[in-house]
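Worksheet: the structure to be examined is printed underneath.
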Number of protein chains: 2
Amino acid sequence: MLLNSLHSPSQVKVEWLQVQPGIWKAIVGKPESISLLKAAQVKPYEKGFASLPVTSFPLNKNEMTVTQRDGKIYLRFPLQKEEKIFGFGLNFQTINQRGRILNLHVDHYGGTDNGRTHAPVPLYVSSDGYGVLIDAARYMTVYVGTAVRADSKHPSVLYDRNSDKDWSAQPYSDAVEILVPAQGLEMYVLAGPTPMNVVQRYNLMNGGGYLPPKWGLGFTERMPTLSSQTDIVNEAKLFEQHDFPLDVIGLEPGWQSMAYPCSFEWDKKRFPDPNGFIKALGALGVRANLWLNPYLSPKASLYPGMKQLSGSHTVWNGIVPDFTLAETRKLFKEHFLRYHLDLGVSGYKIDEIDGFDSWLWPDVATFPSGYSGEQMRQVYGLLLQRMTAGWFKERNQRTYGLIRASNAGASSFPYVIYDDYYSHRDFITALINSSFSGVLWTPEVRASETAEEWVRRMQTVCFSPMAMLNAWADGTKPWSFPEVEKAVKEVADLRMCLIPYIYSTFAQYRFEGKPPFRAMDLVAGFGFGSTNTEGKLDGTKNPYAMSIKEDIRDQYMMGDNILVAPMFTGEKSRRVYLPEGKWYDFYTGVFAGENEIINITPELDKIPLFVKDGGIIPMIAAKTRAPTPASKDQLVIRHYGKAPGNFTLYDDDGVSFDYEKGKCTFVTLDVIRNSSGDLTGNMTNPSPGKPFAYTKDVKWVFMTKDGNNK
Amino acid sequence: MLLNSLHSPSQVKVEWLQVQPGIWKAIVGKPESISLLKAAQVKPYEKGFASLPVTSFPLNKNEMTVTQRDGKIYLRFPLQKEEKIFGFGLNFQTINQRGRILNLHVDHYGGTDNGRTHAPVPLYVSSDGYGVLIDAARYMTVYVGTAVRADSKHPSVLYDRNSDKDWSAQPYSDAVEILVPAQGLEMYVLAGPTPMNVVQRYNLMNGGGYLPPKWGLGFTERMPTLSSQTDIVNEAKLFEQHDFPLDVIGLEPGWQSMAYPCSFEWDKKRFPDPNGFIKALGALGVRANLWLNPYLSPKASLYPGMKQLSGSHTVWNGIVPDFTLAETRKLFKEHFLRYHLDLGVSGYKIDEIDGFDSWLWPDVATFPSGYSGEQMRQVYGLLLQRMTAGWFKERNQRTYGLIRASNAGASSFPYVIYDDYYSHRDFITALINSSFSGVLWTPEVRASETAEEWVRRMQTVCFSPMAMLNAWADGTKPWSFPEVEKAVKEVADLRMCLIPYIYSTFAQYRFEGKPPFRAMDLVAGFGFGSTNTEGKLDGTKNPYAMSIKEDIRDQYMMGDNILVAPMFTGEKSRRVYLPEGKWYDFYTGVFAGENEIINITPELDKIPLFVKDGGIIPMIAAKTRAPTPASKDQLVIRHYGKAPGNFTLYDDDGVSFDYEKGKCTFVTLDVIRNSSGDLTGNMTNPSPGKPFAYTKDVKWVFMTKDGNNK
């Protein structure tokens, strides 16, 4: 009888070294020369850790094991019975990942939460307030409390399916198990004590979140692909005629002389004068963003130099640049600066670096750097973000763009993820999940079958990191559905009014690591779990009598104070789960509920929003362009509820990185109850000489009136 | 600039050695001690090759490359522009795999043809008449004409998506590329010259196809899971009262004292007298088949011995036996022979060895043999088939059972694959694809929403390797829908009438390697391709303007002569693609068409069947039990069309392996045109002393009458 010693392979001993406050790192084997964090190459924002609680190593080291065999690394982390596990990247249909198996693989999202997604970040955040990050540029498989070991010290209860109604297809598992097909890796344990603290530590170790330019928070429209420069300037004028916000116009493939594959050169017929075109747009206060995918046409001027610096396989007949090579980055930088950035291009939309397998380079591909197709797949989005972000950073110019692939380490990159998938409900789940993964996501609007769908989609995209209409294929306009034109303009205007609040919320992302758009599970006092429907045996539809677990995946927070509860087509009413404390209707200030589930029946023209007791929302009057360095707007500061409160209003020039040298303003907005029992507001004066886009004559609005409210 | 030598890794030179006529083998690296064929451990049926054409190596060796890097093996095989690629296992929605990427991984079929299926056999068969088989127990990724190399000698045409309407999301690729994450492997190239010859060589190298016992070709019903022995004997009697065929009754989990996890012991309450029960069933001419999954309950008598012989993880709290160990097989054999086979159990249904990941052992699992969870996953179905088949073989007793997981090397195993998926149309596609993979598949009937669906499903299951009603969860009966009771009985009776034809067809599988149920693409003279709908750009539904390719996946051959064109619920008419030569309606003998697409509007009570010109179909009168060694039935031999023809009628005792020692009969049925121009039939006499279940007074029926036909 052969009992191979590999059955109980000797465990690898690892040492956990504290590398940042509340973050420990361990090295297993010989880590590969490329990894997610190595590709992102970002320095931690160390100052941000100061305000986080001091903690100790949050896991029982005796219940963590590391094993190497079969050319792979096997990791095991303990899992308690009631723990929920969040994260593992940009999932679209589920929030709590417990009970799931994922193969983390950069790909276009294909309709199933199986690990293939635009940002399959190997980070998980426990409801018990700690996190684990695995840094390897490999397709790793994670078993999130599914695999049950024979020698488990926490065995699950034995039932007989024949006779016990408590038998379950998925017995209790006491571990998260991860298989990493690599010779070595680095891994991190992040302390809390709260899930939000874990996320903060993760974002801070990756440089702090990105602070977009203010214009990035305005409205973006992407043009039909074959639009000419005249078409585009006319479009900007058309938006003016409609008094509709517009800060950025996106140019789709047609700006290039060839795409796909891409030339990265202006098409001479559609764009006879790129320089004049961008100036004309600029004169209207609008910026140009350029679409590209990185697959280089044999007809491009960059091609001869890039031929030897590209992978073994082509994508749509374009060669695949190896961006791990400095020479590649040099050639791209020269070309892109000269022909785009120097002209005033504000940023990029970088497409199709995620998947699908059907056209991307295969895993059998090789690259001149020696990295495999698999490794390149996992980091390609990071490499492109890092390279392009660097160009703008060197010019002390903030950019804000779109990206189709990302991964761990991307918090500080100036990119928002988008995709071709188009389920409105799942788009919102992705927005929620982005907060566990250090990425931004936009539920972009493209087309709709009905006016109802149109306005509902417009409402949610205005409560996301990028308010965008992507008309590349359909040529839609914000006013495409006249029946809801007013409602669409109202929510776009509201977005513009909220820029002071949203910008301050992004400043939290930048300096504290708090994601701007947040899962409810990151909110203190949110005690609601997922709903569970008991499984019913059905020989054809449910042979294992699986119970159906449904996450609360249709509401989220924008910043500290605003709870967003979007409506979806066909819905006339919905449930809203209100966390602890009192909550008030954003529009009326009326009390809505407190630590309870409420049912609401909102009108079509409003997205339901709730503000927590004492919540302060700094706003400005609606305008069609985001504030510029020269702006001076009057603040209208709203307060909700009965409780005192305060809010840190952040400001800077909104366009450069001067804020990193201290050229920024933190102003405290305070509401207290004065001696006569009335609420009063106070703003500390901004330091002289520091950028502040608001006048000092602040208007305070106390939204919740006495008498008719709790 | 770093240009790592790994970018053009030196290719591995391989030697192709002819191991069987028209089969060449090459070894790459150091093959692992377990592989698919090593797990199956089957000897070739060498005699079968004699009738196949002599051929030379069918591929251009200069266009085949083998590379080793990153701990993996990269294989490349050439692909011509018009080639179709079939196989890669039991796919459910597609037949031609060209343009697809599959990760071959044993799993329950999940609704997408992505390589995860019950039998992800790494064999492909080209329409150009050759095949390739990769023998490694690993999850390999295949790029079937999708990956395009920068240095390809057959480059695809360059188009600009901006301006060329011929731009396609999937440009031409000149290779099948395969990534095998293993240190070594064995691979085979199989010659044709026809695709059928390739399949034959594959099945012959794996021992020849399985010849089921005759009773296996009768009707099977599986009982509600908690049925008692009395219930089951009563059920057999109920079938008798309905005069409905029944040869096998399947016992579901409730026969065991515990399941799941399993005890493999009879439940004393439901089965107080297993021996008497099986005898009582036997007296009615019915056999018992036992359900199991291999996950062993801690309460089972086998458990103490098996504890150390099982994997690191449990499935539903049952330990996972390591069947690569001789000691495991010994313990199982002792128990199973004593408590099941010795009592007269006819076979097994082996469940849940395929997936889902949610409850199967994870890839991080280890086994006492040292094999990984991945390797075990790929071979577990083979190991169980080999072990259980061996028990019966040693007793010179044929068995016929059900299995949920299989892989390469399984042709000679006595098992039919089934699953929980329930799309009728996809079930038929699986039946078609089974013919490219050396496996059998049953589109089992469980329940239906309408009488129409019920009869349509019953019709197709009667034209499959196992005619089965699986009532484990629903308690359905063949007569559950009274409106179609007659039609259901008619098709079940027809199945029984056709046993001489079906049995001879299985003999072709056994001795010539021809699959009994065949894709049209294996039929000479089938010139129809898949249909292609041009892609239309849609920003939300089809952003890459992908064209839609649809295979002809709803018709197949049963043996040489019968074309089956099933109807699906809701269909009132359908198209049938008739290969070259004349084809005749099975029921009437009337001419139907010739190398053309016909449109038919059949009644609900018949499954459309067509017979080719000169086709001979030996039948018997309907009976409720398949022929036994003692049977003497009168043959009714049908002839269709105008052409002469012949048919090899095979026979033996139908239950033992004595046929392997020559105790079998090959009789030629000949139809010639006599001197007066009439068709006449003739049967060569069977050799005296050889088993032959038919009387010598044969009835010839010429189905196609003169005058009213072409």
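In the structure tokens, the first chain shown is A, the next is B, and so on; residue numbers restart at 1 for each chain, and ligands run from 1 in the order shown.
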
*Using only C-alpha atoms, determine which residues lie at most 8 Å from range 486-489 of chain B, disregarding the query and same-chain residues fewer than 6 positions distant; provide the list as a PyMOL selection string.*
chain B and resi 244+455+458-459+478-479+604-606

Interface rows for range 468-567 of chain A against range 343-364 of chain B: nearest pair, Å to one decimal, 12 Å, only C-alpha atoms, as JSON lines:
```
{"residue": "A:Pro543", "atom": "CA", "partner": "B:Glu352", "partner_atom": "CA", "distance": 11.7}
{"residue": "A:Tyr544", "atom": "CA", "partner": "B:Trp359", "partner_atom": "CA", "distance": 10.7}
{"residue": "A:Met546", "atom": "CA", "partner": "B:Ser358", "partner_atom": "CA", "distance": 10.9}
```

Selection export as a PDB file, in the first residue's frame, atoms kept: N, CA and C atoms:
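Listed below is the output, part_9.pdb:
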```pdb
ATOM      1  N   PRO A 543     -32.374  19.720  -8.051  1.00  0.00           N
ATOM      2  CA  PRO A 543     -32.229  18.345  -7.542  1.00  0.00           C
ATOM      3  C   PRO A 543     -31.499  18.257  -6.208  1.00  0.00           C
ATOM      4  N   TYR A 544     -30.742  19.282  -5.831  1.00  0.00           N
ATOM      5  CA  TYR A 544     -30.055  19.237  -4.554  1.00  0.00           C
ATOM      6  C   TYR A 544     -30.756  20.103  -3.503  1.00  0.00           C
ATOM      7  N   MET A 546     -31.163  23.128  -3.158  1.00  0.00           N
ATOM      8  CA  MET A 546     -30.313  24.231  -2.704  1.00  0.00           C
ATOM      9  C   MET A 546     -31.181  25.393  -2.244  1.00  0.00           C
TER      10      MET A 546
END
```

*Go through B:Leu238, B:Ala473, B:Ala283, B:Ala365 and flag the residue nearest chain A, using only C-alpha atoms for the distances.*
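Smallest separation from chain A among the options: B:Ala473.
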
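Closest approach to Pro516 in chain A among A:Thr680, A:Asn561, A:Thr117, A:Thr314: A:Asn561, based on only C-alpha atoms.
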
*Shell of 10 Å around Val671 in chain B, only C-alpha atoms, local chain residues under 5 positions omitted, as a list in words*: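 The neighbour list is Gly614, Gly615, Ile616, His639, Ala643, Pro644, Gly645, Asn646, Phe647, Asp678, Leu679, Thr680, Gly681, Asn682, Met683, Trp700 and Phe702 of chain B.
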
Which residues of range 104-125 of chain A come within 12 Å of range 189-204 of chain A, and what is each one's closest atom pair and distance in Å (one decimal), counting only C-alpha atoms, sorted by chain and residue number, as a tab-separated table?
```
residue	atom	partner	partner_atom	distance
A:Val121	CA	A:Tyr202	CA	11.5
A:Pro122	CA	A:Tyr202	CA	11.7
A:Leu123	CA	A:Tyr202	CA	8.8
A:Tyr124	CA	A:Val199	CA	9.4
A:Val125	CA	A:Pro195	CA	6.4
```

I'd like the contact shell of Tyr109 in chain A - 8 Å cut-off, only C-alpha atoms, skipping same-chain residues fewer than 6 positions apart - returned as a compact mmCIF listing (two decimals) with C-alpha atoms, in the first residue's frame.
```txt
# COMPACT_ATOMS: atom_id res chain seq x y z
CA ARG A 116 -13.73 36.09 -14.42
CA THR A 117 -14.20 39.81 -14.29
CA HIS A 118 -12.54 43.11 -15.14
CA ASP A 419 -17.94 47.20 -19.68
CA TYR A 421 -22.47 43.99 -20.08
```

_Residues near Leu440 in chain B, anyone? I mean within 6 Å using only C-alpha atoms, not counting same-chain ones fewer than 6 positions away, as a ChimeraX atom specification._
/B:416-417,434

So that I have them on file, write out the residues from the current selection with N, CA and C atoms, as a short mmCIF file (atom, residue, chain, number, x, y, z; two decimals), in the first residue's frame.
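And here's again.cif as it stands now:
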```
data_model
loop_
_atom_site.label_atom_id
_atom_site.label_comp_id
_atom_site.auth_asym_id
_atom_site.auth_seq_id
_atom_site.Cartn_x
_atom_site.Cartn_y
_atom_site.Cartn_z
N VAL B 416 -23.19 4.58 -19.30
CA VAL B 416 -23.84 5.63 -20.06
C VAL B 416 -23.85 6.89 -19.19
N ILE B 417 -23.48 8.01 -19.77
CA ILE B 417 -23.45 9.27 -19.01
C ILE B 417 -24.86 9.88 -18.99
N SER B 434 -21.43 12.72 -28.28
CA SER B 434 -20.88 11.52 -27.65
C SER B 434 -20.15 10.67 -28.67
#
```

_Test item: residues at most 9 Å from Ile232 in chain A, only C-alpha atoms, excluding those fewer than 2 positions along its chain, as a list of chain:residue names_ =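 Those residues are A:Met223, A:Ser227, A:Ser228, A:Gln229, A:Thr230, A:Asn234, A:Glu235, A:Ala236, A:Lys237, A:Ile249, A:Leu251, A:Phe277, A:Leu281.
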
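The protein and nucleic acid residues lying at most 7 Å from Arg574 in chain A are Asn599, Ile600 and Thr601 of chain A, with only C-alpha atoms considered and sequence neighbours fewer than 4 positions away removed.
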
Write the selection just made, keeping N, CA, C and O atoms, as a short mmCIF file (atom, residue, chain, number, x, y, z; two decimals), in the first residue's frame?
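Below you can see selection29.cif, which holds the result:
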```cif
data_model
loop_
_atom_site.label_atom_id
_atom_site.label_comp_id
_atom_site.auth_asym_id
_atom_site.auth_seq_id
_atom_site.Cartn_x
_atom_site.Cartn_y
_atom_site.Cartn_z
N ASN A 599 -40.64 50.41 3.14
CA ASN A 599 -41.11 50.21 1.78
C ASN A 599 -41.42 51.58 1.19
O ASN A 599 -42.14 52.36 1.81
N ILE A 600 -40.88 51.87 0.02
CA ILE A 600 -41.11 53.19 -0.56
C ILE A 600 -41.72 53.05 -1.95
O ILE A 600 -41.56 52.02 -2.61
N THR A 601 -42.45 54.09 -2.36
CA THR A 601 -43.12 54.10 -3.66
C THR A 601 -42.80 55.42 -4.34
O THR A 601 -43.63 56.31 -4.42
#
```

*Would you give me, as a VMD selection string, the residues in range 301-460 of chain A that DSSP reads as alpha helix (DSSP H)?*
chain A and resid 303 to 306 326 to 339 373 to 394 424 to 434 451 to 460

*So which bits of range 517-690 of chain B end up strand (DSSP E or B) when you DSSP the backbone, as a ChimeraX atom specification?*
/B:517-519,531-533,538,542,548-550,556-558,562-564,574-585,591-600,609-612,616-619,633,636-639,645-652,664-673,679-683

*Nearest candidate to Ala119 in chain B (options B:Leu382, B:Leu37, B:Val144, B:Val42; using only C-alpha atoms)*: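 Among the listed residues, B:Leu382 lies closest to Ala119 in chain B.
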
*Separation of CA of Gly513 in chain B and CA of Val142 in chain B, in Å?*
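Between CA of Gly513 in chain B and CA of Val142 in chain B the gap is 25.7 Å.
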
*Rank A:Cys497, A:Leu90, A:Leu217, A:Ile432 by their smallest atom-to-atom distance to His105 in chain A, using only C-alpha atoms, and report the top residue only.*
A:Leu90
